[in-house]
Amino acid sequence: MAGTLLPSRDAALARIARVQPADYARTRNHLEGAVTGLSPYLTHGLVTLHDVLAGVLEREPLAIGHKLVFELGWREFFRHVWAHAGDDILNSLHPGPLPDSAYDPVLPQDIREARTGVPVIDQAVRTLYATGTLHNHARMWLASYVVHLRRVHWRAGADWMVAHLLDGDLASNHLSWQWVAGTGSHKPYLFDAQNVARYAPAHWHSPGTVIDQSYEALERIARGGPRPNHRARTPALTEEPPLQSAPPPDLRLHGPDLAQARHGQGRTVWLVHPWALRAPPADLPADTEVIGVYLREHHAAWPWPETRWRWVDAAMAAWAPRRWFVDAPGLAVALADAAQVRTMADPHIARYLAPFVQLDPAPTLFPPVERRCQSFSQWWTRATRGVQRAQSLL
Ligand SMILES: Cc1cc2nc3c(=O)[nH]c(=O)nc-3n(C[C@H](O)[C@H](O)[C@H](O)COP(=O)(O)OP(=O)(O)OC[C@H]3O[C@@H](n4cnc5c(N)ncnc54)[C@H](O)[C@@H]3O)c2cc1C
């Protein structure tokens with residue numbers, strides 16, 4: 001879908017204008033349902049949750065408990081957990097059905113190559129690679145199969161999936177995997193062949209495969225019963241797109257040229273980064289220098305496929321004709337003479353920038369919930385206390 005998801009704010013706004021809340025609520029669990037396709041735009045900050053809700057409410061009012069508002073809440077809830085737990089979201093938040101050591105630490109090759117022989121899983125992997133996106137239900141099925149039926153540690157699956165998603169976001173992705181695994185929720189998420197038959201097109205249906213069992217049998221496996229026999233199909237027909245920790249060379253994203261005069265001398269510099277690809281704030285001085293940055297440290301740990309580099313860079317170019325691929329110490333040196341360096345905070349990269357950049361707080365849609373909530377329902381109750389209409393959030 002990367003091809004049809006044009007990397008611009010206008011494309012995101014056009015999508016927002018097409019959202020049909022009633023259809024969304026009725027069909028969102030279906031693979032062919034009326035979902036918004038907004039997550040790459042939200043992840044990369046071309047639009048905010050506020051933009052989405054404001055755009056939808058321009059056309060019709062919604063109750064606070066409307067399914068769409070609720071789902072926007074999930075994104076913000078995961079950010080809430082990340083803000084409190086930090087890097088701990090990369091480890092099991094609490095014990096799941098089995099100890100961490102019971103799971104394989106490596107994602108098997110047949111899953112990566114879409115040749116498990118379980119159509120729903122192979123279709124999901126192929127869709128992920130081909131489009132950079134995947135319906136929420138398909139993400140849940142894939143994660144559940146990996147963790148509970150193949151007994152692979154959720155972290156191996158989460159690291160792999162986040163790399164291939166155009167909307168890959170460490171909070172939404174890794175915490176969703178934990179929710180499926182049962183290390184971030186009170187029970188493992190399981191699904192059967194009938195569930196797939198109800199929500200997916202025919203070529204995803206998987207009768208007679210390992211998922212075609214009763215929930216009791218699936219639960220026994222998830223809780224440590226004998227692992228089902230598995231014979232992968234051969235040969236591999238699907239290749240995993242290679243991941244790159246640096247941008248494609250033809251994008252010509254070099255570091256700053258330190259032989260030249262320092263940048264932003266005596267002026268304000270605004271940094272555009274991959275998690276906030278939108279206009280700089282209006283309160284900046286008129287002579288502010290705008291520079292786009294990709295931080296080497298982040299991409300060394302979390303590489304992207306080429307398609308994502310190109311998508312993000314096309315969106316970044318709209319705001320920052322000058323863009324650098326640079327490490328944080330190099331950036332600090334290049335901007336040492338600026339009067340002030342500012343950007344939008346985002347936990348993917350804040351740690352690298354915090355020592356020398358002023359981080360504007362990222363906008364939120366829901367009122368802040370100070371106390372850490374252990375569950376979405378706890379957070380939702382607090383975030384929406386006394387609120388009846390979604391309009392009150394704006
Ligand atoms: C295993 C797994 C991994 C995931 N990884 C990511 C990820 O890396 N990045 C990401 O943005 N989302 C992730 N999600 C959440 C969800 O699947 C996607 O946000 C959603 O499918 C995006 O499609 P959409 O924009 O059409 O969503 P819509 O259903 O149209 O929802 C509108 C917006 O609400 C938010 N939203 C909806 N459902 C969820 C949800 N369950 N959790 C969090 N936010 C939600 C998203 O921002 C989404 O764009 C993951 C879910 C699972 C189960």
# chains A, B, ... in the order shown; residues from 1 in each chain; ligands from 1
>>> closest_atom_pairs(of="chain A", to="ligand 1", cutoff="6 Å", atoms="only C-alpha atoms and all ligand atoms", output="Markdown table")
| residue | atom | partner | partner_atom_place_in_ligand_line | distance |
| --- | --- | --- | --- | --- |
| A:Val35 | CA | ligand 1 | 30 (O) | 3.9 |
| A:Thr36 | CA | ligand 1 | 30 (O) | 3.5 |
| A:Gly37 | CA | ligand 1 | 26 (O) | 3.3 |
| A:Leu38 | CA | ligand 1 | 25 (O) | 3.8 |
| A:Ser39 | CA | ligand 1 | 49 (O) | 3.3 |
| A:Leu42 | CA | ligand 1 | 47 (O) | 5.9 |
| A:Thr43 | CA | ligand 1 | 11 (O) | 5.7 |
| A:Glu71 | CA | ligand 1 | 37 (C) | 4.4 |
| A:Leu72 | CA | ligand 1 | 34 (O) | 4.0 |
| A:Trp74 | CA | ligand 1 | 43 (C) | 4.5 |
| A:Arg75 | CA | ligand 1 | 44 (N) | 3.7 |
| A:His135 | CA | ligand 1 | 21 (O) | 4.6 |
| A:Asn136 | CA | ligand 1 | 17 (O) | 3.4 |
| A:Arg139 | CA | ligand 1 | 1 (C) | 4.6 |
| A:Met140 | CA | ligand 1 | 53 (C) | 4.1 |
| A:Ala143 | CA | ligand 1 | 1 (C) | 5.4 |
| A:Val162 | CA | ligand 1 | 8 (O) | 5.3 |
| A:Asp167 | CA | ligand 1 | 9 (N) | 4.6 |
| A:Gly168 | CA | ligand 1 | 8 (O) | 3.4 |
| A:Asp169 | CA | ligand 1 | 8 (O) | 4.0 |
| A:Ser172 | CA | ligand 1 | 6 (C) | 4.6 |
| A:Asn173 | CA | ligand 1 | 5 (N) | 3.2 |
| A:Ser176 | CA | ligand 1 | 2 (C) | 4.7 |
| A:Trp177 | CA | ligand 1 | 1 (C) | 4.6 |
>>> write_last_selection(atoms="N, CA and C atoms", output="short mmCIF file (atom, residue, chain, number, x, y, z; two decimals), in the first residue's frame")
data_model
loop_
_atom_site.label_atom_id
_atom_site.label_comp_id
_atom_site.auth_asym_id
_atom_site.auth_seq_id
_atom_site.Cartn_x
_atom_site.Cartn_y
_atom_site.Cartn_z
N VAL A 35 -11.39 0.82 7.42
CA VAL A 35 -10.39 1.41 8.31
C VAL A 35 -9.78 2.64 7.64
N THR A 36 -9.09 3.45 8.41
CA THR A 36 -8.68 4.76 7.90
C THR A 36 -7.37 4.74 7.12
N GLY A 37 -6.48 3.79 7.40
CA GLY A 37 -5.16 3.79 6.76
C GLY A 37 -4.31 4.99 7.17
N LEU A 38 -4.60 5.55 8.34
CA LEU A 38 -3.89 6.78 8.75
C LEU A 38 -2.60 6.51 9.54
N SER A 39 -2.35 5.27 9.93
CA SER A 39 -1.25 5.06 10.89
C SER A 39 0.13 5.50 10.39
N LEU A 42 0.24 9.14 11.10
CA LEU A 42 0.29 9.46 12.53
C LEU A 42 1.66 9.12 13.10
N THR A 43 2.17 7.96 12.74
CA THR A 43 3.49 7.56 13.25
C THR A 43 4.55 8.58 12.88
N GLU A 71 -10.22 3.83 19.54
CA GLU A 71 -8.99 3.32 18.91
C GLU A 71 -7.89 4.38 18.88
N LEU A 72 -8.28 5.63 18.68
CA LEU A 72 -7.28 6.70 18.78
C LEU A 72 -6.69 6.70 20.20
N TRP A 74 -6.17 4.08 22.03
CA TRP A 74 -5.15 3.03 22.18
C TRP A 74 -3.76 3.56 21.83
N ARG A 75 -3.71 4.35 20.76
CA ARG A 75 -2.39 4.88 20.38
C ARG A 75 -1.82 5.75 21.51
N HIS A 135 -3.52 -4.94 8.28
CA HIS A 135 -4.72 -4.70 9.08
C HIS A 135 -4.47 -5.15 10.53
N ASN A 136 -5.11 -4.46 11.46
CA ASN A 136 -4.90 -4.77 12.88
C ASN A 136 -5.17 -6.24 13.19
N ARG A 139 -2.37 -8.40 12.08
CA ARG A 139 -1.21 -8.26 12.99
C ARG A 139 -1.40 -9.14 14.22
N MET A 140 -2.64 -9.13 14.73
CA MET A 140 -2.91 -9.94 15.93
C MET A 140 -2.78 -11.43 15.63
N ALA A 143 0.97 -12.28 15.19
CA ALA A 143 1.69 -12.26 16.47
C ALA A 143 1.29 -13.46 17.33
N VAL A 162 8.24 -4.53 13.38
CA VAL A 162 8.35 -3.07 13.43
C VAL A 162 9.26 -2.56 12.31
N ASP A 167 4.27 2.11 9.35
CA ASP A 167 3.83 2.83 10.55
C ASP A 167 4.57 2.35 11.80
N GLY A 168 5.69 1.61 11.61
CA GLY A 168 6.38 1.00 12.74
C GLY A 168 6.66 2.01 13.85
N ASP A 169 6.13 1.73 15.02
CA ASP A 169 6.22 2.64 16.17
C ASP A 169 6.49 1.74 17.38
N SER A 172 3.34 1.39 19.95
CA SER A 172 2.18 0.64 19.46
C SER A 172 2.55 -0.78 19.09
N ASN A 173 3.72 -0.96 18.50
CA ASN A 173 4.09 -2.30 18.05
C ASN A 173 4.49 -3.22 19.20
N SER A 176 1.71 -3.88 21.63
CA SER A 176 0.68 -4.76 21.07
C SER A 176 1.15 -6.22 21.09
N TRP A 177 2.41 -6.43 20.74
CA TRP A 177 2.93 -7.80 20.81
C TRP A 177 2.85 -8.32 22.25
#
>>> closest_atom_pairs(of="segment 92-136 of chain A", to="segment 77-88 of chain A", cutoff="12 Å", atoms="only C-alpha atoms", output="Markdown table")
| residue | atom | partner | partner_atom | distance |
| --- | --- | --- | --- | --- |
| A:Ser92 | CA | A:Asp88 | CA | 7.7 |
| A:Leu93 | CA | A:Asp88 | CA | 7.1 |
| A:His94 | CA | A:Asp88 | CA | 10.5 |
>>> write_last_selection(atoms="N, CA and C atoms", output="short mmCIF file (atom, residue, chain, number, x, y, z; two decimals), in the first residue's frame")
data_model
loop_
_atom_site.label_atom_id
_atom_site.label_comp_id
_atom_site.auth_asym_id
_atom_site.auth_seq_id
_atom_site.Cartn_x
_atom_site.Cartn_y
_atom_site.Cartn_z
N SER A 92 9.49 -7.99 28.73
CA SER A 92 8.16 -8.39 29.21
C SER A 92 7.77 -7.55 30.42
N LEU A 93 6.59 -6.94 30.34
CA LEU A 93 6.16 -6.06 31.44
C LEU A 93 5.84 -6.87 32.69
N HIS A 94 5.32 -8.06 32.48
CA HIS A 94 5.10 -9.00 33.60
C HIS A 94 5.12 -10.41 33.02
#
>>> closest_atom_pairs(of="segment 20-118 of chain A", to="segment 210-224 of chain A", cutoff="10 Å", atoms="only C-alpha atoms", output="tab-separated table")
residue	atom	partner	partner_atom	distance
A:Gly96	CA	A:Arg223	CA	9.1
A:Pro97	CA	A:Arg223	CA	5.4
A:Leu98	CA	A:Arg223	CA	6.3
A:Pro99	CA	A:Gly224	CA	9.8
A:Ala102	CA	A:Gly224	CA	8.5
A:Gly117	CA	A:Val210	CA	9.6
A:Val118	CA	A:Val210	CA	7.6
>>> write_last_selection(atoms="C-alpha atoms", output="mmCIF file, in the first residue's frame")
data_model
loop_
_atom_site.group_PDB
_atom_site.id
_atom_site.type_symbol
_atom_site.label_atom_id
_atom_site.label_comp_id
_atom_site.auth_asym_id
_atom_site.auth_seq_id
_atom_site.Cartn_x
_atom_site.Cartn_y
_atom_site.Cartn_z
ATOM 1 C CA GLY A 96 3.102 -14.272 30.511
ATOM 2 C CA PRO A 97 1.644 -17.789 30.307
ATOM 3 C CA LEU A 98 5.165 -19.274 30.238
ATOM 4 C CA PRO A 99 8.530 -17.963 31.425
ATOM 5 C CA ALA A 102 10.409 -21.176 27.292
ATOM 6 C CA GLY A 117 1.794 -23.537 4.997
ATOM 7 C CA VAL A 118 -0.863 -21.725 7.068
#
>>> residues_around(residues="Arg310 of chain A", least_positions_apart="4", cutoff="10 Å", atoms="only C-alpha atoms", output="list in words")
Pro7, Pro247, Pro248, Leu251, Trp304, Pro305, Glu306, Ala314, Ala315 and Met316 of chain A
>>> write_last_selection(atoms="C-alpha atoms", output="PDB file, in the first residue's frame")
ATOM      1  CA  PRO A   7       3.774  10.776   1.593  1.00  0.00           C
ATOM      2  CA  PRO A 247      19.451   5.988   3.626  1.00  0.00           C
ATOM      3  CA  PRO A 248      19.699   4.855  -0.021  1.00  0.00           C
ATOM      4  CA  LEU A 251      18.877  10.376  -1.676  1.00  0.00           C
ATOM      5  CA  TRP A 304      14.197   0.375   7.668  1.00  0.00           C
ATOM      6  CA  PRO A 305      13.548  -1.159   4.270  1.00  0.00           C
ATOM      7  CA  GLU A 306      14.321   1.071   1.313  1.00  0.00           C
ATOM      8  CA  ALA A 314       9.717  12.476   0.439  1.00  0.00           C
ATOM      9  CA  ALA A 315       7.570  13.716   3.329  1.00  0.00           C
ATOM     10  CA  MET A 316      10.538  15.339   5.079  1.00  0.00           C
TER      11      MET A 316
END
>>> residues_around(residues="Leu277 of chain A", least_positions_apart="5", cutoff="12 Å", atoms="only C-alpha atoms", output="VMD selection string")
chain A and resid 7 to 9 12 40 to 48 270 to 272 290 to 294 311 to 320 343 to 344 346
>>> closest_residue(among="A:Thr307, A:Ser206, A:Gln340, A:Ser245", to="Glu289 of chain A", atoms="only C-alpha atoms")
A:Gln340
>>> closest_residue(among="A:Ser144, A:Gln123, A:Thr384, A:Gln178", to="His205 of chain A", atoms="only C-alpha atoms")
A:Gln123
>>> residues_around(residues="Glu58 of chain A", least_positions_apart="4", cutoff="12 Å", atoms="only C-alpha atoms", output="ChimeraX atom specification")
/A:16-19,51-54,62,390-391,394
>>> atom_distance(atom1="atom CA of Leu49 of chain A", atom2="atom CA of Leu68 of chain A")
11.1 Å
>>> select_by_dssp(residues="segment 170-340 of chain A", states="helix (DSSP H, G or I)", output="count of residues only")
58
>>> atom_distance(atom1="atom CA of Leu142 of chain A", atom2="atom CA of Gly157 of chain A")
9.0 Å
>>> closest_residue(among="A:Gly132, A:Pro95, A:Pro235, A:Pro207", to="Glu113 of chain A", atoms="only C-alpha atoms")
A:Pro235
